[in-house]
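Trainee: Encoded as structure tokens, here's the structure I'll be asking about.
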Amino acid sequence: MRLVLLSVLLVLARLAPAQVAAIDSSRYPRPRQLTAQQDQDLMLKQLGIRRLRPGPSGDATAPNHANYDEALANPCPALPGALTTKAGRPVKTAAQWWQQRRPEIVEDFEREVYGRIPQHVPSVAWRVKVTDREFIGRTPAVVKQLVGHVDNTAYPLLRVDINMLLVVPANVKGPVPVLMMLGSGYPTFPAPAQPSPAEMEQLNAAFKDLLGKSNPAAKAIFDRYPAYAPLTRLPGPNFFAPPTDPSPTEQLLAAGWGYVILDTNSIQADNGAGLTKGIIGLVNKGQPRRPDDWGALRAWSWGAARALDYLETDPLVDAKKVGIEGVSRYGKAALVTLAFEPRFAVGLIGSSGKGGATLHRRVFGEAVESLTGGEYYWMAGNYLKYGAAEANTGPKTGCDLPVDSHELLALCAPRPTFVSYGIPEKGDANWLDQRGSYRATVAAGAVFKLLGAKDLGVSNDYQTEPMPPMLTSKLEGQLAWRQHDGGHTDAPNYPYFIPWASRWLGYPRTPTP
């Protein structure tokens with residue numbers, strides 16, 4: 001089947017005229033082709049860093065294995081005061097938070113941790129490539145495949161096209177809430193509609209005729225097997241099959257939600273060598289970053305915001321009820337997105353670890369040195385300072401950061417924010433430091449309460465509040481926590497997240513008449 005489709009593409013390629021606009025590349029600086037190590041070395045030179053501390057190993061038998069001793073995990077247990085201004089004054093009103101303290105925290109995160117989105121990022125023009133009507137599980141749905149072209153007229157040597165798939169249920173009254181799910185890879189149609197048997201017969205006849213005319217050997221094969229049909233239908237939905245556990249996307253559709261699959265790699269590559277390409281490279285005209293430039297996490301969050309721009313124009317979507325979701329590195333990006341883009345209404349933050357919900361200054365599992373090492377490209381260049389062993393400004397650690405993850409969670413307030421983890425026994429490793437995320441969530445609760453929202457329902461004493469046992473649901477407030485009994489996924493928490501989010505967003509599923 002794959003060879004047959006390849007033959008079709010080759011035939012069509014011969015028939016299609018070549019239409020490639022010439023670019024006078026001499027008018028533009030050539031994009032730098034750097035390895036990740038070369039790119040990181042350039043940043044270290046800008047920062048005056050001579051040597052970084054190596055990150056810990058995830059192998060418990062290695063000499064430099066990560067720390068998992070809670071007695072050694074808190075070298076600087078006191079966190080920066082989320083409700084204390086840089087001048088040392090307490091924040092007691094919502095107005096003080098919005099006008100003074102929140103901008104201070106945003107500035108520190110942008111300068112030192114995630115980087116700044118440039119002021120003049122090119123615009124994105126969205127185009128619906130294909131619209132399909134499908135059955136996904138047992139739910140009829142409208143599926144749109146979209147591409148967002150980033151204007152590259154200022155630097156045509158690089159091209160960025162953002163890939164997105166929008167799926168909305170067709171059996172409920174719209175517009176509907178949508179959960180944007182971050183991940184890598186080209187999003188494909190979940191259950192594409194297919195031609196009828198009679199239409200398949202026509203396609204096979206046309207295909208055999210087309211290929212036979214251009215390839216005598218293929219015609220001889222078709223003549224030898226006249227009943228053979230090279231193009232066949234995929235298995236359709238079986239509505240009589242016994243029910244199975246629905247996937248998270250099937251659960252969303254059944255609850256009247258839509259969802260988006262957003263390909264982060266089409267925004268910015270998940271590696272250091274890609275920093276002179278993608279949206280970061282396009283804005284920098286193919287040149288390396290400056291220390292406070294955005295890293296990949298912030299670039300992905302920018303792409304999510306541009307996807308939301310499109311959703312605001314689609315009548316099938318309630319753009320005031322769009323959430324953001326991700327797991328692992330995409331959990332980090334989802335939290336960064338929710339924190340910096342106020343139009344997102346709710347977040348599901350899955351197993352995000354360091355750089356996400358886990359405290360930076362904790363030394364447990366994944367460390368700051370892990371992020372300044374192999375994953376440096378996720379962060380602003382300035383973040384490398386906090387993994388420095390030798391530098392012009394002296395050595396620094398996570399304890400020197402002016403902000404921490406409890407304040408990133410606080411930037412989401414008062415919008416509903418669900419922090420999700422699994423258990424190490426099933427693959428959500430201790431490396432992620434679930435306890436460090438719980439401490440941050442507890443500490444962030446003070447800001448939620450100041451803004452009139454509910455937190456976890458515990459004290460905000462992050463140093464003494466014990467992490468609740470697995471399967472304990474802390475879902476009474478807009479700030480929520482639940483550790484499920486699965487692995488490195490947030491799927492087991494969807495049966496809890498969906499009704500929780502629907503309640504806080506005021507969304508009642510209404511079937512179509």
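If you're wondering about the labels, chains in the structure tokens are A, B, ... by order shown, residues count from 1 in each chain, ligands from 1 in order shown.
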Give the strand (DSSP E or B) residues of stretch 194-431 of chain A, as DSSP finds them on the backbone, and put them as a ChimeraX atom specification.

Mentor: /A:258-263,293,317-327,346-350,354,358,388-391,417-421

Trainee: Residues of the last selection are to be written out with N, CA and C atoms, as a short mmCIF file (atom, residue, chain, number, x, y, z; two decimals), in the first residue's frame.

Mentor:
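File written: out06.cif
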data_model
loop_
_atom_site.label_atom_id
_atom_site.label_comp_id
_atom_site.auth_asym_id
_atom_site.auth_seq_id
_atom_site.Cartn_x
_atom_site.Cartn_y
_atom_site.Cartn_z
N GLY A 258 -14.51 20.65 22.91
CA GLY A 258 -13.64 20.41 21.79
C GLY A 258 -12.20 20.34 22.26
N TYR A 259 -11.33 20.05 21.33
CA TYR A 259 -9.90 20.05 21.68
C TYR A 259 -9.08 20.47 20.47
N VAL A 260 -7.87 20.94 20.76
CA VAL A 260 -6.89 21.33 19.75
C VAL A 260 -5.62 20.54 20.00
N ILE A 261 -5.03 20.02 18.94
CA ILE A 261 -3.69 19.45 19.00
C ILE A 261 -2.76 20.46 18.33
N LEU A 262 -1.80 20.98 19.08
CA LEU A 262 -0.88 21.99 18.57
C LEU A 262 0.53 21.40 18.52
N ASP A 263 1.11 21.40 17.34
CA ASP A 263 2.45 20.84 17.12
C ASP A 263 3.50 21.87 17.50
N ASP A 293 16.64 36.90 25.62
CA ASP A 293 15.73 36.43 24.58
C ASP A 293 14.95 35.21 25.05
N VAL A 317 -16.32 27.72 18.46
CA VAL A 317 -15.53 27.73 19.70
C VAL A 317 -15.96 28.89 20.59
N ASP A 318 -16.12 28.60 21.88
CA ASP A 318 -16.31 29.65 22.88
C ASP A 318 -14.92 30.10 23.33
N ALA A 319 -14.44 31.16 22.71
CA ALA A 319 -13.06 31.59 22.94
C ALA A 319 -12.81 32.09 24.35
N LYS A 320 -13.86 32.34 25.13
CA LYS A 320 -13.68 32.73 26.53
C LYS A 320 -13.50 31.51 27.43
N LYS A 321 -13.62 30.33 26.84
CA LYS A 321 -13.50 29.09 27.62
C LYS A 321 -12.50 28.14 26.96
N VAL A 322 -11.32 28.66 26.65
CA VAL A 322 -10.25 27.85 26.06
C VAL A 322 -9.21 27.57 27.13
N GLY A 323 -8.88 26.30 27.30
CA GLY A 323 -7.88 25.89 28.28
C GLY A 323 -6.60 25.45 27.60
N ILE A 324 -5.56 25.23 28.41
CA ILE A 324 -4.25 24.81 27.91
C ILE A 324 -3.81 23.59 28.72
N GLU A 325 -3.20 22.62 28.02
CA GLU A 325 -2.82 21.35 28.68
C GLU A 325 -1.49 20.86 28.12
N GLY A 326 -0.72 20.18 28.96
CA GLY A 326 0.51 19.54 28.52
C GLY A 326 1.07 18.67 29.62
N VAL A 327 1.94 17.74 29.23
CA VAL A 327 2.59 16.82 30.17
C VAL A 327 4.09 16.91 29.98
N VAL A 346 -8.30 28.29 31.66
CA VAL A 346 -8.09 27.18 32.59
C VAL A 346 -6.87 26.40 32.14
N GLY A 347 -6.21 25.72 33.07
CA GLY A 347 -5.03 24.94 32.72
C GLY A 347 -5.00 23.59 33.40
N LEU A 348 -4.52 22.58 32.67
CA LEU A 348 -4.22 21.25 33.22
C LEU A 348 -2.73 21.05 33.05
N ILE A 349 -2.01 21.09 34.15
CA ILE A 349 -0.54 21.09 34.15
C ILE A 349 -0.06 19.72 34.60
N GLY A 350 0.40 18.91 33.66
CA GLY A 350 0.73 17.52 33.95
C GLY A 350 2.21 17.27 34.13
N LYS A 354 10.82 20.43 37.08
CA LYS A 354 11.62 21.66 37.15
C LYS A 354 11.42 22.49 35.89
N THR A 358 7.46 22.64 39.81
CA THR A 358 8.37 22.29 40.90
C THR A 358 9.31 23.46 41.23
N ALA A 388 26.07 28.32 37.19
CA ALA A 388 27.47 28.67 36.99
C ALA A 388 28.32 28.25 38.19
N ALA A 389 29.44 27.57 37.89
CA ALA A 389 30.44 27.26 38.92
C ALA A 389 31.53 28.31 38.95
N GLU A 390 31.89 28.83 37.76
CA GLU A 390 32.89 29.89 37.65
C GLU A 390 32.37 30.92 36.66
N ALA A 391 32.29 32.18 37.10
CA ALA A 391 31.77 33.23 36.23
C ALA A 391 32.28 34.58 36.71
N THR A 417 -6.65 26.39 37.86
CA THR A 417 -5.34 25.80 37.56
C THR A 417 -5.25 24.45 38.26
N PHE A 418 -5.15 23.38 37.48
CA PHE A 418 -5.16 22.00 37.99
C PHE A 418 -3.76 21.43 37.82
N VAL A 419 -3.09 21.12 38.94
CA VAL A 419 -1.74 20.55 38.93
C VAL A 419 -1.87 19.04 39.08
N SER A 420 -1.32 18.30 38.12
CA SER A 420 -1.49 16.85 38.05
C SER A 420 -0.14 16.14 38.07
N TYR A 421 -0.10 15.04 38.81
CA TYR A 421 1.07 14.15 38.81
C TYR A 421 0.61 12.71 38.90
#

Trainee: Just the residues within 10 Å of A:Leu44, please, counting only C-alpha atoms, with nothing from its chain fewer than 2 positions along; format it as an MDAnalysis selection string.

Mentor: chainID A and resid 38:42 46:52 291 381:382 384:385 388 391

Trainee: Restrict the selected residues to N, CA and C atoms and save them as an mmCIF file, in the first residue's frame.

Mentor:
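Final file, part_36.cif:
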data_model
loop_
_atom_site.group_PDB
_atom_site.id
_atom_site.type_symbol
_atom_site.label_atom_id
_atom_site.label_comp_id
_atom_site.auth_asym_id
_atom_site.auth_seq_id
_atom_site.Cartn_x
_atom_site.Cartn_y
_atom_site.Cartn_z
ATOM 1 N N GLN A 38 27.775 24.515 20.396
ATOM 2 C CA GLN A 38 28.295 25.799 19.916
ATOM 3 C C GLN A 38 27.386 26.949 20.336
ATOM 4 N N ASP A 39 26.077 26.726 20.240
ATOM 5 C CA ASP A 39 25.139 27.769 20.633
ATOM 6 C C ASP A 39 25.241 28.063 22.124
ATOM 7 N N GLN A 40 25.314 27.012 22.938
ATOM 8 C CA GLN A 40 25.427 27.218 24.378
ATOM 9 C C GLN A 40 26.737 27.916 24.727
ATOM 10 N N ASP A 41 27.831 27.540 24.059
ATOM 11 C CA ASP A 41 29.123 28.184 24.327
ATOM 12 C C ASP A 41 29.075 29.671 24.016
ATOM 13 N N LEU A 42 28.385 30.053 22.953
ATOM 14 C CA LEU A 42 28.254 31.475 22.632
ATOM 15 C C LEU A 42 27.508 32.220 23.731
ATOM 16 N N GLN A 46 28.805 35.285 26.279
ATOM 17 C CA GLN A 46 28.099 36.555 26.503
ATOM 18 C C GLN A 46 27.923 36.830 27.987
ATOM 19 N N LEU A 47 27.685 35.764 28.760
ATOM 20 C CA LEU A 47 27.403 35.922 30.189
ATOM 21 C C LEU A 47 28.655 35.927 31.053
ATOM 22 N N GLY A 48 29.816 35.693 30.468
ATOM 23 C CA GLY A 48 31.039 35.639 31.251
ATOM 24 C C GLY A 48 31.118 34.412 32.145
ATOM 25 N N ILE A 49 30.531 33.311 31.714
ATOM 26 C CA ILE A 49 30.558 32.065 32.487
ATOM 27 C C ILE A 49 31.661 31.166 31.929
ATOM 28 N N ARG A 50 32.583 30.758 32.784
ATOM 29 C CA ARG A 50 33.697 29.912 32.353
ATOM 30 C C ARG A 50 33.397 28.430 32.535
ATOM 31 N N ARG A 51 32.553 28.105 33.519
ATOM 32 C CA ARG A 51 32.268 26.688 33.753
ATOM 33 C C ARG A 51 30.908 26.536 34.420
ATOM 34 N N LEU A 52 30.130 25.566 33.932
ATOM 35 C CA LEU A 52 28.845 25.216 34.541
ATOM 36 C C LEU A 52 29.006 23.996 35.441
ATOM 37 N N PRO A 291 21.024 37.304 25.943
ATOM 38 C CA PRO A 291 20.746 36.635 27.222
ATOM 39 C C PRO A 291 19.300 36.682 27.697
ATOM 40 N N GLY A 381 18.674 32.773 28.101
ATOM 41 C CA GLY A 381 20.110 32.616 28.313
ATOM 42 C C GLY A 381 20.529 32.984 29.724
ATOM 43 N N ASN A 382 19.901 34.002 30.297
ATOM 44 C CA ASN A 382 20.257 34.437 31.655
ATOM 45 C C ASN A 382 20.097 33.335 32.697
ATOM 46 N N LEU A 384 21.206 30.483 32.629
ATOM 47 C CA LEU A 384 22.455 29.736 32.765
ATOM 48 C C LEU A 384 23.288 30.224 33.944
ATOM 49 N N LYS A 385 23.092 31.481 34.347
ATOM 50 C CA LYS A 385 23.865 32.036 35.467
ATOM 51 C C LYS A 385 23.669 31.225 36.741
ATOM 52 N N ALA A 388 26.070 28.315 37.194
ATOM 53 C CA ALA A 388 27.474 28.666 36.994
ATOM 54 C C ALA A 388 28.324 28.252 38.187
ATOM 55 N N ALA A 391 32.292 32.182 37.097
ATOM 56 C CA ALA A 391 31.773 33.233 36.228
ATOM 57 C C ALA A 391 32.275 34.580 36.709
#

Trainee: Residues near A:Tyr494, anyone? I mean within 10 Å using only C-alpha atoms, not counting same-chain ones fewer than 6 positions away, as a VMD selection string.

Mentor: chain A and resid 247 to 249 251 to 252 348 420 500

Trainee: Could you check which of A:Ser123, A:Thr153, A:Thr441, A:Thr510 is closest to A:Glu407, using only C-alpha atoms?

Mentor: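 Among the listed residues, A:Thr441 lies closest to A:Glu407.
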